[in-house]
Amino acid sequence: MNIRGQYGPAVLLLAGLASVALYLRVNATAFVPASEGLRFAFQLMLAGTVIAVLRNEVGLSTFGVFGPVILAFAWLDIGPLWGFLFVAYVFVATVSARVALSNLDLGTAHRVATLLVVAIVAVYVMVSVGRLQGVPPFSAVLLFPVILTTWYAERFVQGVTASGWGPSARRLGYTLFAIGAAYLVAGYDPLVTAVVENPELWVVLAGVNIALGASTDVRLGEYLRFQTLRQALTTERSADVLTMRVRNREFISRYNPAPLMGRYDKVGMKQRLHGLGIPTPETLMVVDGDEDLAALRELVETRDLFVVKPVDGSGGDRILVVSGRDAPSGHFTTNRGQLTADEIVSHARDICFGSVTNYGDRTRALVEELVVPDGLLADRAPGGVPDLRVITLHGYPVMAMVRLPTAESRGTANIHVGAVGVAVDIATGVASGGYQQTRQTFVDTHPDTGASLAFEIPDWSTVLTIVSEAAISTGLGYTGVDIVFDADRGPMVLEVNRRPGLGIQNANMAGLLGRLRFVEAQGEASQFVTADERVRRAREWARNGWQSPAVDSPRTAATVEVQQ
């Protein structure tokens with residue numbers, strides 16, 4: 001998109017706001033009194049901007065944008081101390097209730113409604129006791145923070161269950177920090193008064209948000225996350241580190257069209273792979289709601305090895321790995337401890353009725369066969385299923401890592417919760433050394449088993465060809481293909497990710513952006529090139545350090561192929 005087409009609508013929007021501001025400035029005597037009556041709205045402007053800056057420029061992961069803003073208003077209403085105590089009190093009450101309900105198959109809607117009842121009762125008790133003690137009554141404005149706090153409790157407990165205490169506690173801490181920052185800015189009377197009385201500042205606030213949102217490429221958190229990598233790269237290569245904003249804008253938005261992204265959830269992706277004969281674990285069933293739970297119960301009774309996962313999940317969230325059954329008790333061994341068949345069915349039902357979505361929307365659960373990992377990787381990380389993540393552009397493999405589960409990751413291959421990422425050279429398939437993101441440390445051996453992280457993946461060219469075929473089959477330009485190595489069936493595609501993460505760069509001590517730009521520079525005729533040829537070229541490019549083409553241009557090669 002050209003510059004005029006890209007920024008034109010935003011410029012018109014700002015011009016419209018500027019016209020309104022000019023009119024209000026000319027008629028200030030008539031409009032300023034009305035503005036004073038809406039002072040809280042201007043505080044909302046400031047608080048929203050603060051939260052946006054903390055999330056986008058700093059990189060804090062909070063429970064949404066609107067939530068912290070509204071909770072900041074609770075602090076403004078009753079003061080920071082009482083505001084914090086109020087939110088903490090409701091949060092503890094509802095988290096306690098949520099834990100008490102964990103073993104009941106209530107479904108998300110009834111569970112959250114029950115938590116809301118508990119929260120209201122807790123507030124009633126607090127207000128009643130406060131009146132007896134002479135504490136001024138709280139206003140009805142606090143009902144909205146009560147609702148939000150109830151939902152935060154639900155999401156917090158789900159996060160602890162899925163990822164452990166660390167990530168959930170950090171997100172909660174960042175949210176509290178953001179609330180405090182929004183309170184300080186929105187509660188600073190001289191600033192609020194200036195915004196109320198000067199319409200020009202409304203345009204400035206909108207302009208600042210638009211400018212920061214469009215221009216920020218690197219968040220402060222990403223400077224810290226990739227600090228060691230940047231220091232290790234040469235000055236020329238330090239700009240090769242791919243950040244989230246650049247990934248989203250330059251690769252996902254450009255090469256993964258929204259309609260295509262919406263078509264390929266995990267079920268759509270598996271259907272595509274199965275239909276084209278690309279090796280992938282068998283899909284046992286898709287659970288779409290209550291009507292499928294009886295069939296799932298029958299399936300569970302006949303299987304000892306399977307996986308239950310949400311079709312819209314990411315980062316290993318809510319994945320249940322069933323790896324065996326205890327004959328005397330009939331309980332299943334899973335990555336979440338010993339579970340009964342009913343508890344497994346309840347987990348699938350919980351997925352279907354909103355436990356993995358932000359606002360409780362319904363989704364589906366995918367049940368597939370469990371891969372029995374072969375000895376090469378399984379011996380290094382017993383108790384989980386290791387996999388290989390390969391980033392591709394136009395079907396060309398550009399960066400790879402093996403992800404080895406650990407005790408910290410509770411048997412999952414998710415590097416965000418403790419799995420070790422091991423760099424794999426695209427040219428040779430040789431792995432050497434690992435990186436544990438949660439501890440920000442480089443390791444030469446597995447932290448649990450002590451096994452060496454130096455090994456070579458056999459039949460590497462075939463593995464990469466499967467990766468390329470899977471990426472090409474989806475029609476998506478930018479993907480992360482996950483490969484698992486089954487002891488009997490060999491390499492299989494576990495999943496094709498539509499927006500793969502960035503931690504692979506730390507594992508490889510190399511930036512993705514330079515490699516992606518290199519592939520882009522080879523031309524757009526790659527659609528006429530076979531998967532085998534794409535793999536051959538990618539491996540040759542890797543041998544040459546992604547510096548200059550070592551083969552004929554894709555356009556020329558494609559022409560030769562067509563002519564032949």
# chains A, B, ... in the order shown; residues from 1 in each chain; ligands from 1

call {"tool": "residues_around", "arguments": {"residues": "region 78-91 of chain A", "least_positions_apart": "4", "cutoff": "7 Å", "atoms": "only C-alpha atoms", "output": "MDAnalysis selection string"}}
result
chainID A and resid 74 95 119 122 146 149:150 153

call {"tool": "write_last_selection", "arguments": {"atoms": "C-alpha atoms", "output": "compact mmCIF listing (two decimals), in the first residue's frame"}}
result
# COMPACT_ATOMS: atom_id res chain seq x y z
CA ALA A 74 -12.01 2.95 41.16
CA VAL A 95 -10.13 -16.53 43.24
CA ALA A 119 -18.11 -10.96 44.44
CA ALA A 122 -18.22 -9.95 49.35
CA VAL A 146 -16.28 -5.63 40.62
CA THR A 149 -12.14 -8.17 38.97
CA THR A 150 -14.40 -11.22 38.85
CA ALA A 153 -10.00 -14.00 38.85

call {"tool": "select_by_dssp", "arguments": {"residues": "region 118-319 of chain A", "states": "strand (DSSP E)", "output": "VMD selection string"}}
result
chain A and resid 283 to 287 306 to 310

call {"tool": "write_last_selection", "arguments": {"atoms": "N, CA and C atoms", "output": "short mmCIF file (atom, residue, chain, number, x, y, z; two decimals), in the first residue's frame"}}
result
data_model
loop_
_atom_site.label_atom_id
_atom_site.label_comp_id
_atom_site.auth_asym_id
_atom_site.auth_seq_id
_atom_site.Cartn_x
_atom_site.Cartn_y
_atom_site.Cartn_z
N THR A 283 -6.37 -37.46 13.52
CA THR A 283 -7.41 -36.72 14.23
C THR A 283 -8.49 -37.70 14.65
N LEU A 284 -8.69 -37.84 15.95
CA LEU A 284 -9.65 -38.81 16.47
C LEU A 284 -11.06 -38.27 16.47
N MET A 285 -11.23 -37.01 16.84
CA MET A 285 -12.55 -36.38 16.77
C MET A 285 -12.43 -34.89 17.07
N VAL A 286 -13.48 -34.16 16.70
CA VAL A 286 -13.59 -32.74 17.02
C VAL A 286 -14.81 -32.57 17.91
N VAL A 287 -14.60 -32.02 19.10
CA VAL A 287 -15.69 -31.81 20.06
C VAL A 287 -16.23 -30.40 19.86
N PHE A 306 -3.56 -40.00 23.93
CA PHE A 306 -4.19 -39.01 23.05
C PHE A 306 -3.96 -37.62 23.62
N VAL A 307 -4.33 -36.62 22.84
CA VAL A 307 -4.15 -35.22 23.21
C VAL A 307 -5.47 -34.49 22.99
N VAL A 308 -5.83 -33.62 23.94
CA VAL A 308 -7.00 -32.76 23.80
C VAL A 308 -6.51 -31.32 23.79
N LYS A 309 -6.87 -30.56 22.75
CA LYS A 309 -6.38 -29.19 22.64
C LYS A 309 -7.46 -28.29 22.05
N PRO A 310 -7.45 -27.01 22.39
CA PRO A 310 -8.40 -26.07 21.77
C PRO A 310 -7.99 -25.76 20.34
#

call {"tool": "residues_around", "arguments": {"residues": "Val53 (chain A)", "least_positions_apart": "5", "cutoff": "9 Å", "atoms": "only C-alpha atoms", "output": "ChimeraX atom specification"}}
result
/A:48,58-59,209,212-213

call {"tool": "closest_atom_pairs", "arguments": {"of": "region 223-336 of chain A", "to": "region 214-217 of chain A", "cutoff": "10 Å", "atoms": "only C-alpha atoms", "output": "CSV"}}
result
residue,atom,partner,partner_atom,distance
A:Leu242,CA,A:Asp217,CA,9.1
A:Thr243,CA,A:Asp217,CA,6.7
A:Met244,CA,A:Asp217,CA,7.7
A:Arg245,CA,A:Asp217,CA,5.4
A:Val246,CA,A:Asp217,CA,5.9
A:Arg247,CA,A:Asp217,CA,9.3
A:Arg249,CA,A:Ala214,CA,9.4

call {"tool": "write_last_selection", "arguments": {"atoms": "C-alpha atoms", "output": "compact mmCIF listing (two decimals), in the first residue's frame"}}
result
# COMPACT_ATOMS: atom_id res chain seq x y z
CA LEU A 242 12.58 -9.30 14.16
CA THR A 243 10.18 -7.63 16.60
CA MET A 244 6.49 -8.27 17.11
CA ARG A 245 5.32 -5.05 15.47
CA VAL A 246 7.48 -5.61 12.38
CA ARG A 247 6.39 -9.24 12.21
CA ARG A 249 2.95 -5.41 9.92

call {"tool": "select_by_dssp", "arguments": {"residues": "region 102-321 of chain A", "states": "alpha helix (DSSP H)", "output": "PDB file with C-alpha atoms, in the first residue's frame"}}
result
ATOM      1  CA  THR A 108     -17.733 -21.018  31.805  1.00  0.00           C
ATOM      2  CA  ALA A 109     -21.015 -19.064  31.805  1.00  0.00           C
ATOM      3  CA  HIS A 110     -22.422 -20.521  35.038  1.00  0.00           C
ATOM      4  CA  ARG A 111     -19.020 -20.522  36.710  1.00  0.00           C
ATOM      5  CA  VAL A 112     -18.461 -16.821  36.012  1.00  0.00           C
ATOM      6  CA  ALA A 113     -22.031 -16.019  37.082  1.00  0.00           C
ATOM      7  CA  THR A 114     -21.389 -17.869  40.355  1.00  0.00           C
ATOM      8  CA  LEU A 115     -18.193 -15.873  40.856  1.00  0.00           C
ATOM      9  CA  LEU A 116     -20.141 -12.678  40.269  1.00  0.00           C
ATOM     10  CA  VAL A 117     -22.601 -13.671  43.005  1.00  0.00           C
ATOM     11  CA  VAL A 118     -19.682 -14.306  45.369  1.00  0.00           C
ATOM     12  CA  ALA A 119     -18.110 -10.962  44.443  1.00  0.00           C
ATOM     13  CA  ILE A 120     -21.332  -9.025  45.067  1.00  0.00           C
ATOM     14  CA  VAL A 121     -21.825 -10.755  48.424  1.00  0.00           C
ATOM     15  CA  ALA A 122     -18.224  -9.945  49.352  1.00  0.00           C
ATOM     16  CA  VAL A 123     -18.770  -6.276  48.437  1.00  0.00           C
ATOM     17  CA  TYR A 124     -22.033  -6.206  50.397  1.00  0.00           C
ATOM     18  CA  VAL A 125     -20.273  -7.557  53.479  1.00  0.00           C
ATOM     19  CA  MET A 126     -17.469  -5.028  53.074  1.00  0.00           C
ATOM     20  CA  VAL A 127     -19.855  -2.097  52.663  1.00  0.00           C
ATOM     21  CA  SER A 128     -22.045  -3.221  55.558  1.00  0.00           C
ATOM     22  CA  VAL A 129     -19.132  -3.651  57.933  1.00  0.00           C
ATOM     23  CA  GLY A 130     -17.725  -0.336  56.735  1.00  0.00           C
ATOM     24  CA  ARG A 131     -20.935   1.494  57.624  1.00  0.00           C
ATOM     25  CA  LEU A 132     -20.955  -0.021  61.083  1.00  0.00           C
ATOM     26  CA  LEU A 143     -19.825  -2.122  40.300  1.00  0.00           C
ATOM     27  CA  PHE A 144     -17.896  -2.091  37.021  1.00  0.00           C
ATOM     28  CA  PRO A 145     -14.550  -2.790  38.746  1.00  0.00           C
ATOM     29  CA  VAL A 146     -16.282  -5.632  40.617  1.00  0.00           C
ATOM     30  CA  ILE A 147     -17.318  -7.242  37.331  1.00  0.00           C
ATOM     31  CA  LEU A 148     -13.842  -6.822  35.874  1.00  0.00           C
ATOM     32  CA  THR A 149     -12.140  -8.168  38.969  1.00  0.00           C
ATOM     33  CA  THR A 150     -14.396 -11.219  38.847  1.00  0.00           C
ATOM     34  CA  TRP A 151     -13.353 -11.902  35.272  1.00  0.00           C
ATOM     35  CA  TYR A 152      -9.696 -11.336  36.167  1.00  0.00           C
ATOM     36  CA  ALA A 153      -9.997 -13.998  38.847  1.00  0.00           C
ATOM     37  CA  GLU A 154     -11.365 -16.443  36.292  1.00  0.00           C
ATOM     38  CA  ARG A 155      -8.565 -15.725  33.830  1.00  0.00           C
ATOM     39  CA  PHE A 156      -5.889 -15.808  36.552  1.00  0.00           C
ATOM     40  CA  VAL A 157      -6.840 -19.270  37.767  1.00  0.00           C
ATOM     41  CA  GLN A 158      -7.013 -20.535  34.188  1.00  0.00           C
ATOM     42  CA  GLY A 159      -3.571 -19.090  33.564  1.00  0.00           C
ATOM     43  CA  VAL A 160      -2.113 -20.764  36.644  1.00  0.00           C
ATOM     44  CA  THR A 161      -3.623 -24.080  35.565  1.00  0.00           C
ATOM     45  CA  ALA A 162      -2.293 -23.791  32.015  1.00  0.00           C
ATOM     46  CA  SER A 163       1.094 -22.098  32.487  1.00  0.00           C
ATOM     47  CA  TRP A 165       2.195 -19.362  38.769  1.00  0.00           C
ATOM     48  CA  GLY A 166       5.060 -17.423  37.197  1.00  0.00           C
ATOM     49  CA  PRO A 167       3.491 -16.115  33.950  1.00  0.00           C
ATOM     50  CA  SER A 168       0.107 -15.504  35.613  1.00  0.00           C
ATOM     51  CA  ALA A 169       1.619 -13.637  38.559  1.00  0.00           C
ATOM     52  CA  ARG A 170       3.727 -11.475  36.225  1.00  0.00           C
ATOM     53  CA  ARG A 171       0.702 -10.549  34.160  1.00  0.00           C
ATOM     54  CA  LEU A 172      -1.245  -9.679  37.300  1.00  0.00           C
ATOM     55  CA  GLY A 173       1.671  -7.585  38.574  1.00  0.00           C
ATOM     56  CA  TYR A 174       1.956  -5.727  35.263  1.00  0.00           C
ATOM     57  CA  THR A 175      -1.778  -5.036  35.367  1.00  0.00           C
ATOM     58  CA  LEU A 176      -1.530  -3.549  38.859  1.00  0.00           C
ATOM     59  CA  PHE A 177       1.422  -1.416  37.759  1.00  0.00           C
ATOM     60  CA  ALA A 178      -0.561  -0.172  34.749  1.00  0.00           C
ATOM     61  CA  ILE A 179      -3.548   0.664  36.966  1.00  0.00           C
ATOM     62  CA  GLY A 180      -1.285   2.680  39.264  1.00  0.00           C
ATOM     63  CA  ALA A 181       0.297   4.552  36.351  1.00  0.00           C
ATOM     64  CA  ALA A 182      -3.101   5.354  34.840  1.00  0.00           C
ATOM     65  CA  TYR A 183      -4.318   6.553  38.248  1.00  0.00           C
ATOM     66  CA  LEU A 184      -1.347   8.908  38.669  1.00  0.00           C
ATOM     67  CA  VAL A 185      -1.751  10.502  35.239  1.00  0.00           C
ATOM     68  CA  ALA A 186      -5.569  10.652  35.184  1.00  0.00           C
ATOM     69  CA  ASP A 189      -5.580  17.775  38.180  1.00  0.00           C
ATOM     70  CA  PRO A 190      -3.445  20.373  36.311  1.00  0.00           C
ATOM     71  CA  LEU A 191      -3.041  17.975  33.375  1.00  0.00           C
ATOM     72  CA  VAL A 192      -6.728  17.016  33.339  1.00  0.00           C
ATOM     73  CA  THR A 193      -7.733  20.693  33.524  1.00  0.00           C
ATOM     74  CA  ALA A 194      -5.435  21.522  30.613  1.00  0.00           C
ATOM     75  CA  VAL A 195      -7.032  18.789  28.520  1.00  0.00           C
ATOM     76  CA  VAL A 196     -10.555  19.900  29.494  1.00  0.00           C
ATOM     77  CA  GLU A 197      -9.936  23.533  28.602  1.00  0.00           C
ATOM     78  CA  GLU A 200      -6.251  21.199  20.708  1.00  0.00           C
ATOM     79  CA  LEU A 201      -4.904  18.656  23.202  1.00  0.00           C
ATOM     80  CA  TRP A 202      -7.623  16.216  22.182  1.00  0.00           C
ATOM     81  CA  VAL A 203      -6.175  16.200  18.691  1.00  0.00           C
ATOM     82  CA  VAL A 204      -2.684  15.823  20.154  1.00  0.00           C
ATOM     83  CA  LEU A 205      -3.735  12.759  22.181  1.00  0.00           C
ATOM     84  CA  ALA A 206      -5.277  11.120  19.138  1.00  0.00           C
ATOM     85  CA  GLY A 207      -2.218  12.024  17.052  1.00  0.00           C
ATOM     86  CA  VAL A 208       0.204  10.655  19.632  1.00  0.00           C
ATOM     87  CA  ASN A 209      -1.652   7.326  19.772  1.00  0.00           C
ATOM     88  CA  ILE A 210      -1.791   7.054  15.985  1.00  0.00           C
ATOM     89  CA  ALA A 211       1.869   8.020  15.566  1.00  0.00           C
ATOM     90  CA  LEU A 212       3.150   5.643  18.245  1.00  0.00           C
ATOM     91  CA  GLY A 213       0.960   2.825  17.021  1.00  0.00           C
ATOM     92  CA  ALA A 214       2.171   3.232  13.453  1.00  0.00           C
ATOM     93  CA  SER A 215       5.863   3.949  14.057  1.00  0.00           C
ATOM     94  CA  LEU A 220      11.288  -1.677  25.565  1.00  0.00           C
ATOM     95  CA  GLY A 221      10.543  -5.241  26.645  1.00  0.00           C
ATOM     96  CA  GLU A 222      11.962  -6.516  23.371  1.00  0.00           C
ATOM     97  CA  TYR A 223      15.184  -4.587  23.901  1.00  0.00           C
ATOM     98  CA  LEU A 224      15.563  -6.509  27.149  1.00  0.00           C
ATOM     99  CA  ARG A 225      14.365  -9.813  25.703  1.00  0.00           C
ATOM    100  CA  GLN A 227      19.601  -7.754  24.611  1.00  0.00           C
ATOM    101  CA  THR A 228      22.117 -10.608  24.611  1.00  0.00           C
ATOM    102  CA  LEU A 229      21.351 -11.393  20.982  1.00  0.00           C
ATOM    103  CA  ARG A 230      21.841  -7.786  19.887  1.00  0.00           C
ATOM    104  CA  GLN A 231      25.131  -7.583  21.754  1.00  0.00           C
ATOM    105  CA  ALA A 232      26.363 -10.778  20.103  1.00  0.00           C
ATOM    106  CA  MET A 244       6.490  -8.267  17.110  1.00  0.00           C
ATOM    107  CA  ARG A 245       5.320  -5.054  15.469  1.00  0.00           C
ATOM    108  CA  VAL A 246       7.478  -5.608  12.384  1.00  0.00           C
ATOM    109  CA  SER A 253      -0.496  -8.677   7.461  1.00  0.00           C
ATOM    110  CA  ARG A 254       1.258  -8.776   4.095  1.00  0.00           C
ATOM    111  CA  TYR A 255       1.521 -12.517   3.468  1.00  0.00           C
ATOM    112  CA  ALA A 258      -7.211 -12.218   7.080  1.00  0.00           C
ATOM    113  CA  PRO A 259      -9.773 -14.419   5.244  1.00  0.00           C
ATOM    114  CA  LEU A 260      -7.159 -17.162   4.900  1.00  0.00           C
ATOM    115  CA  MET A 261      -6.090 -16.787   8.531  1.00  0.00           C
ATOM    116  CA  GLY A 262      -9.710 -17.211   9.625  1.00  0.00           C
ATOM    117  CA  ARG A 263     -10.104 -20.367   7.560  1.00  0.00           C
ATOM    118  CA  LYS A 266      -6.258 -26.219  14.012  1.00  0.00           C
ATOM    119  CA  VAL A 267      -9.160 -28.227  12.561  1.00  0.00           C
ATOM    120  CA  GLY A 268      -9.005 -26.534   9.155  1.00  0.00           C
ATOM    121  CA  MET A 269      -5.248 -26.994   9.077  1.00  0.00           C
ATOM    122  CA  LYS A 270      -5.489 -30.704   9.926  1.00  0.00           C
ATOM    123  CA  GLN A 271      -8.167 -31.241   7.292  1.00  0.00           C
ATOM    124  CA  ARG A 272      -5.884 -29.682   4.714  1.00  0.00           C
ATOM    125  CA  LEU A 273      -2.883 -31.782   5.724  1.00  0.00           C
ATOM    126  CA  HIS A 274      -4.867 -35.026   5.849  1.00  0.00           C
ATOM    127  CA  GLY A 275      -6.433 -34.302   2.464  1.00  0.00           C
ATOM    128  CA  LEU A 293     -19.320 -35.261  24.888  1.00  0.00           C
ATOM    129  CA  ALA A 294     -20.927 -38.710  25.052  1.00  0.00           C
ATOM    130  CA  ALA A 295     -18.918 -39.805  22.001  1.00  0.00           C
ATOM    131  CA  LEU A 296     -15.781 -38.375  23.596  1.00  0.00           C
ATOM    132  CA  ARG A 297     -16.500 -40.356  26.771  1.00  0.00           C
ATOM    133  CA  GLU A 298     -16.656 -43.555  24.718  1.00  0.00           C
ATOM    134  CA  LEU A 299     -13.434 -42.645  22.918  1.00  0.00           C
ATOM    135  CA  VAL A 300     -11.617 -41.984  26.187  1.00  0.00           C
ATOM    136  CA  GLU A 301     -12.529 -45.443  27.449  1.00  0.00           C
ATOM    137  CA  THR A 302     -10.874 -47.069  24.425  1.00  0.00           C
TER     138      THR A 302
END

call {"tool": "residues_around", "arguments": {"residues": "His394 (chain A)", "least_positions_apart": "2", "cutoff": "12 Å", "atoms": "only C-alpha atoms", "output": "JSON, numbers by chain"}}
result
{"A": [251, 252, 254, 255, 256, 391, 392, 396, 397, 398, 467, 468, 469, 470, 471, 472, 473, 474, 475, 476, 477, 478, 479, 480, 516, 517, 518, 519, 520, 521, 522, 523, 524, 525, 526, 527, 528, 529, 530, 531, 534, 535, 538, 554]}

call {"tool": "atom_distance", "arguments": {"atom1": "CA of Arg499 (chain A)", "atom2": "CA of Gly277 (chain A)"}}
result
23.8 Å
